[in-house]
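Participant: Here you go, one structure.
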Protein chains: 2
Amino acid sequence: MPQIDNVNELLTQTQSLIGDALQAVEATFATELASKNPYLRDIYQHTSRFRGKRLRPILCLLTAKACGEIKREHEILAAVVEMIHTATLVHDDVLDNADIRRHVATVNVRWNNHTSVLYGDFLFTHSFHLAAETGSAEACRLIGRATNLVCEGELTQIRNRGNLNLTEAEYLNIIDGKTAELCAVACLLGAKFANADQETIKRLENFGRLLGQAFQIADDVLDLTGLESNVGKTLGTDLFQQKLTLPIIRLLGKSSEQSKSELTELLEAGTDEAAQKIVHLAKEEGVIEESFDFAKQLATQAQSELDILPDSPAKQVLLKLPIMSINRVV
Amino acid sequence: MPQIDNVNELLTQTQSLIGDALQAVEATFATELASKNPYLRDIYQHTSRFRGKRLRPILCLLTAKACGEIKREHEILAAVVEMIHTATLVHDDVLDNADIRRHVATVNVRWNNHTSVLYGDFLFTHSFHLAAETGSAEACRLIGRATNLVCEGELTQIRNRGNLNLTEAEYLNIIDGKTAELCAVACLLGAKFANADQETIKRLENFGRLLGQAFQIADDVLDLTGLESNVGKTLGTDLFQQKLTLPIIRLLGKSSEQSKSELTELLEAGTDEAAQKIVHLAKEEGVIEESFDFAKQLATQAQSELDILPDSPAKQVLLKLPIMSINRVV
């Protein structure tokens with residue numbers, strides 16, 4: 001079994017295992033969104049510039065490969081999951097008033113909020129249309145259910161903006177919906193359509209879920225510590241919007257009544273200066289490191305779910321994904 | 001065959017024919033959206049107050065009845081179509097900055113725009129989840145396709161805001177997507193799941209489409225002529241947002257170069273006073289009446305699509321629906 005020492009090697013390995021299927025996913029994505037309408041073509045071309053690592057399609061296809069054969073259904077469903085993810089990004093950017101996404105102007109900035117809302121809807125509905133192309137109502141149901149939970153997670157997050165008493169359990173529940181669910185269903189569908197047994201499907205779904213949770217925690221840490229120029233998206237939005245994330249929840253938990261009320265004032269101030277102070281405090285109290293350690297624990301748990309699979313090149317790559325997906329933070 | 005002379009009689013007739021099925025649709029709608037999350041329950045209860053005539057479920061169920069038997073699939077799909085309609089209303093209210101809908105505060109006003117965007121997404125994804133409960137991937141595909149076209153229609157409308165050269169053909173294309181498509185698919189599904197033949201399915205789809213077009217033109221006329229207190233929603237929004245509708249397109253078409261440039265100035269002014277002047281001009285030039293006559297023509301065409309059905313109480317009610325759906329204007 002070849003060792004995979006770095007990200008580039010991992011990508012090369014992924015390409016050699018599922019490169020053809022990934023190309024088919026891209027083609028399916030593009031064909032589904034091809035429109036005679038020049039306005040829609042423009043928006044599609046623009047948004048295709050901020051599509052990223054294809055984590056969710058890769059999860060679906062590698063899971064399929066590790067359980068058996070990649071089929072046409074997998075390619076379709078991988079495109080579906082990526083399309084839903086893109087729809088949520090387009091709507092997130094409206095909600096966050098974000099200006100850039102992967103170094104490119106967001107739809108709300110390049111066009112306007114109205115276009116963003118409707119283009120997100122357009123992507124959602126296309127993804128469901130595409131899911132139906134598998135001919136499997138069960139696939140449609142699973143995709144529908146997962147996307148529901150994504151929306152429910154996002155709504156719970158919005159509701160808790162400004163709630164400085166948000167608990168760690170509530171936070172984990174939110175990220176389980178808004179991020180982990182889609183990774184979980186990508187793996188579930190990969191295993192299911194490769195005819196894996198119930199136990200394997202369940203463990204791979206859980207692999208995706210844990211990976212997604214780890215990824216989101218790492219992303220939340222990054223929102224606090226990263227620099228705009230390095231990451232290619234608007235940062236610090238969680239703080240400014242008073243969305244509590246793990247490091248801040250832990251920081252509040254560690255604070256005395258006195259310092260808690262000072263911290264609350266900083267959180268409510270919403271200035272750059274206040275944000276800098278909060279990051280400084282978070283580093284000082286070790287909650288950045290703690291949060292990142294927690295993400296690592298989840299990533300390790302994710303890996304152990306793969307015990308159920310026989311060894312294979314696909315399994316070897318899957319094993320590396322949880323750590324890779326959080327490592328861009330350090 | 002009983003004569004149906006007025007709206008109340010029509011409603012009584014509808015209730016006696018499909019009352020039980022309509023109740024089942026309501027129960028399905030409510031069960032699907034029941035959430036343990038108190039926030040979501042609140043929003044659901046609020047939005048249920050501005051649900052209206054149930055035109056789309058009625059179309060689906062009456063079509064089913066006129067073609068054969070109402071089945072469980074019809075009840076599910078009728079709830080799906082109504083849920084998609086509700087999702088588009090919630091997003092429309094954000095886009096229009098509307099304050100009231102059916103005499104009730106919109107979600108964007110009662111909560112905020114973020115909640116509206118996400119709650120609309122929540123409804124869209126629930127509707128697809130529910131469609132999958134029929135066990136028919138074909139139903140999911142048809143629903144997905146129709147909803148696509150709704151979004152595409154809305155996007156084309158947004159793109160053409162401020163385009164004072166919008167043609168009548170372009171306008172009809174927009175309303176065909178944003179309104180008629182969902183009425184068309186409601187009838188298509190009604191006929192299809194009652195095992196109607198291909199020709200009948202096609203003609204009933206067309207019945208729904210023509211009815212939807214007529215309805216939207218009437219609605220656009222109402223936006224111009226109605227009074228806020230009577231209609232229960234924010235009016236004049238098309239004018240203020242420079243969305244050209246049939247009466248205005250015709251008014252521009254009839255104007256000399258001189259009066260066209262005056263009209264353009266009024267459209268661009270966006271004041272109440274300018275709106276009043278435009279309505280006055282539209283009445284004077286007869287384009288309100290012309291537009292309403294055009295809606296009546298479409299309604300009559302819709303009726304003639306029903307020729308393919310054998311006579312039945314359900315057909316008799318269907319025959320009355322196109323005129324009823326435009327008559328609230330006069």
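Labels used: A, B, ... for chains in the order of the structure tokens, numbers from 1 for residues in each chain, and numbers from 1 for ligands as shown.
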Could you tell me which residues of chain B sit within 6 Å of chain A when counting only C-alpha atoms, and give me the result as a list in words?
Facilitator: Leu95, His114, Phe122, Thr125, Phe128, His129, Ala132, Gly135, Ser136, Ala137, Cys140, Arg141, Gly144, Arg145, Asn148 and Cys151 of chain B
Participant: From a DSSP calculation on the backbone, collect every residue of segment 177-292 of chain A in alpha helix (DSSP H) and output the set as a ChimeraX atom specification.
Facilitator: /A:181-192,198-225,228-231,237-240,246-254,257-269,272-284,287-292
Participant: In Å, how far is it from atom CA of Phe215 of chain B to atom CA of Thr31 of chain B?
Facilitator: 29.6 Å
Participant: Can you tell me which residues surround Glu170 of chain A at a distance of at most 12 Å, considering only C-alpha atoms, apart from same-chain residues fewer than 3 positions away, and format the answer as a list in words?
Facilitator: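 So the residues in contact are Gly153, Thr156, Gln157, Arg159, Asn160, Asn163, Leu164, Asn165, Leu166, Thr167, Asn173, Ile174, Ile175, Asp176, Gly177, Lys243, Leu244, Thr245, Leu246 and Ile249 of chain A.
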Participant: Dump all heavy atoms for the selected residues as a compact mmCIF listing (two decimals), in the first residue's frame?
Facilitator:
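Dumped everything to selection_25.txt:
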# COMPACT_ATOMS: atom_id res chain seq x y z
N GLY A 153 -30.49 23.10 10.62
CA GLY A 153 -29.27 23.50 11.33
C GLY A 153 -28.98 24.99 11.13
O GLY A 153 -28.67 25.71 12.08
N THR A 156 -31.48 27.08 13.08
CA THR A 156 -31.17 27.08 14.51
C THR A 156 -29.99 28.02 14.79
O THR A 156 -29.96 28.73 15.79
CB THR A 156 -30.86 25.66 15.00
OG1 THR A 156 -31.90 24.79 14.55
CG2 THR A 156 -30.76 25.59 16.51
N GLN A 157 -29.04 28.04 13.87
CA GLN A 157 -27.90 28.94 14.03
C GLN A 157 -28.35 30.41 14.00
O GLN A 157 -27.96 31.21 14.85
CB GLN A 157 -26.88 28.69 12.92
CG GLN A 157 -25.66 29.59 13.04
CD GLN A 157 -24.58 29.19 12.06
OE1 GLN A 157 -24.77 29.19 10.85
NE2 GLN A 157 -23.43 28.84 12.59
N ARG A 159 -31.27 31.57 14.63
CA ARG A 159 -32.07 31.87 15.81
C ARG A 159 -31.19 32.19 17.01
O ARG A 159 -31.55 32.97 17.88
CB ARG A 159 -32.95 30.66 16.13
CG ARG A 159 -33.92 30.95 17.24
CD ARG A 159 -34.33 29.69 17.91
NE ARG A 159 -35.29 29.93 18.95
CZ ARG A 159 -35.68 29.03 19.81
NH1 ARG A 159 -35.22 27.80 19.72
NH2 ARG A 159 -36.55 29.32 20.74
N ASN A 160 -30.02 31.54 17.06
CA ASN A 160 -29.16 31.69 18.22
C ASN A 160 -28.09 32.77 18.06
O ASN A 160 -27.17 32.86 18.86
CB ASN A 160 -28.52 30.35 18.57
CG ASN A 160 -29.51 29.44 19.28
OD1 ASN A 160 -29.88 29.71 20.41
ND2 ASN A 160 -29.97 28.42 18.58
N ASN A 163 -27.11 34.85 21.04
CA ASN A 163 -27.34 34.07 22.26
C ASN A 163 -26.00 33.67 22.85
O ASN A 163 -25.37 32.71 22.41
CB ASN A 163 -28.19 32.83 21.94
CG ASN A 163 -28.28 31.88 23.12
OD1 ASN A 163 -27.94 32.24 24.26
ND2 ASN A 163 -28.73 30.66 22.85
N LEU A 164 -25.55 34.42 23.85
CA LEU A 164 -24.23 34.17 24.42
C LEU A 164 -24.26 33.03 25.44
O LEU A 164 -23.24 32.69 26.04
CB LEU A 164 -23.67 35.45 25.04
CG LEU A 164 -23.57 36.65 24.06
CD1 LEU A 164 -22.92 37.85 24.73
CD2 LEU A 164 -22.80 36.28 22.80
N ASN A 165 -25.43 32.43 25.62
CA ASN A 165 -25.54 31.26 26.50
C ASN A 165 -25.60 29.95 25.73
O ASN A 165 -25.94 28.92 26.31
CB ASN A 165 -26.78 31.40 27.40
CG ASN A 165 -26.68 32.59 28.31
OD1 ASN A 165 -25.65 32.78 28.96
ND2 ASN A 165 -27.71 33.42 28.33
N LEU A 166 -25.32 30.01 24.43
CA LEU A 166 -25.37 28.79 23.63
C LEU A 166 -24.44 27.74 24.24
O LEU A 166 -23.28 28.03 24.57
CB LEU A 166 -24.90 29.09 22.18
CG LEU A 166 -25.10 27.97 21.17
CD1 LEU A 166 -26.56 27.88 20.73
CD2 LEU A 166 -24.22 28.17 19.93
N THR A 167 -24.96 26.53 24.41
CA THR A 167 -24.13 25.47 25.00
C THR A 167 -23.33 24.74 23.93
O THR A 167 -23.62 24.84 22.74
CB THR A 167 -25.00 24.43 25.74
OG1 THR A 167 -25.79 23.75 24.74
CG2 THR A 167 -25.91 25.07 26.77
N ASN A 173 -24.98 20.36 17.78
CA ASN A 173 -26.21 20.04 17.08
C ASN A 173 -26.37 20.88 15.80
O ASN A 173 -26.75 20.38 14.74
CB ASN A 173 -27.40 20.25 18.03
CG ASN A 173 -28.68 19.72 17.46
OD1 ASN A 173 -28.69 18.69 16.79
ND2 ASN A 173 -29.76 20.43 17.70
N ILE A 174 -26.01 22.15 15.91
CA ILE A 174 -26.09 23.05 14.75
C ILE A 174 -25.13 22.59 13.64
O ILE A 174 -25.53 22.46 12.49
CB ILE A 174 -25.77 24.51 15.16
CG1 ILE A 174 -26.93 25.09 15.97
CG2 ILE A 174 -25.50 25.38 13.93
CD1 ILE A 174 -26.62 26.43 16.65
N ILE A 175 -23.87 22.32 14.00
CA ILE A 175 -22.91 21.95 12.94
C ILE A 175 -23.19 20.56 12.40
O ILE A 175 -22.88 20.26 11.26
CB ILE A 175 -21.43 22.09 13.38
CG1 ILE A 175 -21.05 21.08 14.46
CG2 ILE A 175 -21.11 23.51 13.84
CD1 ILE A 175 -19.54 21.01 14.69
N ASP A 176 -23.82 19.72 13.22
CA ASP A 176 -24.21 18.40 12.74
C ASP A 176 -25.19 18.55 11.58
O ASP A 176 -25.10 17.85 10.57
CB ASP A 176 -24.86 17.61 13.87
CG ASP A 176 -25.07 16.15 13.48
OD1 ASP A 176 -24.16 15.59 12.85
OD2 ASP A 176 -26.14 15.60 13.79
N GLY A 177 -26.12 19.51 11.71
CA GLY A 177 -27.06 19.76 10.62
C GLY A 177 -26.40 20.50 9.47
O GLY A 177 -26.36 20.00 8.35
N LYS A 243 -22.35 34.76 16.13
CA LYS A 243 -22.60 33.32 16.10
C LYS A 243 -21.53 32.68 16.97
O LYS A 243 -20.35 32.72 16.62
CB LYS A 243 -22.43 32.77 14.68
CG LYS A 243 -23.53 33.13 13.73
CD LYS A 243 -23.27 32.48 12.37
CE LYS A 243 -24.03 33.18 11.28
NZ LYS A 243 -23.52 32.86 9.94
N LEU A 244 -21.96 32.08 18.07
CA LEU A 244 -20.98 31.48 18.96
C LEU A 244 -20.43 30.17 18.37
O LEU A 244 -21.19 29.32 17.91
CB LEU A 244 -21.61 31.21 20.33
CG LEU A 244 -21.16 32.21 21.41
CD1 LEU A 244 -21.35 33.62 20.94
CD2 LEU A 244 -21.85 31.96 22.72
N THR A 245 -19.09 30.06 18.37
CA THR A 245 -18.46 28.82 17.92
C THR A 245 -17.71 28.20 19.09
O THR A 245 -17.57 28.82 20.15
CB THR A 245 -17.51 29.09 16.74
OG1 THR A 245 -16.56 30.07 17.14
CG2 THR A 245 -18.29 29.60 15.53
N LEU A 246 -17.20 26.98 18.87
CA LEU A 246 -16.61 26.22 19.99
C LEU A 246 -15.57 27.01 20.79
O LEU A 246 -15.66 27.04 22.03
CB LEU A 246 -16.03 24.90 19.45
CG LEU A 246 -15.61 23.90 20.53
CD1 LEU A 246 -16.78 23.52 21.43
CD2 LEU A 246 -15.01 22.65 19.89
N ILE A 249 -17.38 29.56 22.96
CA ILE A 249 -18.19 28.92 24.01
C ILE A 249 -17.27 28.46 25.14
O ILE A 249 -17.57 28.66 26.32
CB ILE A 249 -18.97 27.72 23.43
CG1 ILE A 249 -20.05 28.22 22.45
CG2 ILE A 249 -19.62 26.89 24.53
CD1 ILE A 249 -20.71 27.12 21.63
Participant: Would you mind listing what lies within 9 Å of Ala184 of chain B as number ranges by chain, with only C-alpha atoms counted and same-chain residues fewer than 4 positions away left out?
Facilitator: B: 59, 146, 180, 188-189, 204-212
Participant: Could you please determine the separation between atom CA of Glu273 of chain B and atom CA of Thr225 of chain B in Å, to one decimal place?
Facilitator: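 It comes out at 14.0 Å.
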Participant: One number please: atom CA of Asp293 of chain B to atom CA of Ala274 of chain B, in Å, one decimal.
Facilitator: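 Atom CA of Ala274 of chain B lies at a distance of 25.4 Å from atom CA of Asp293 of chain B.
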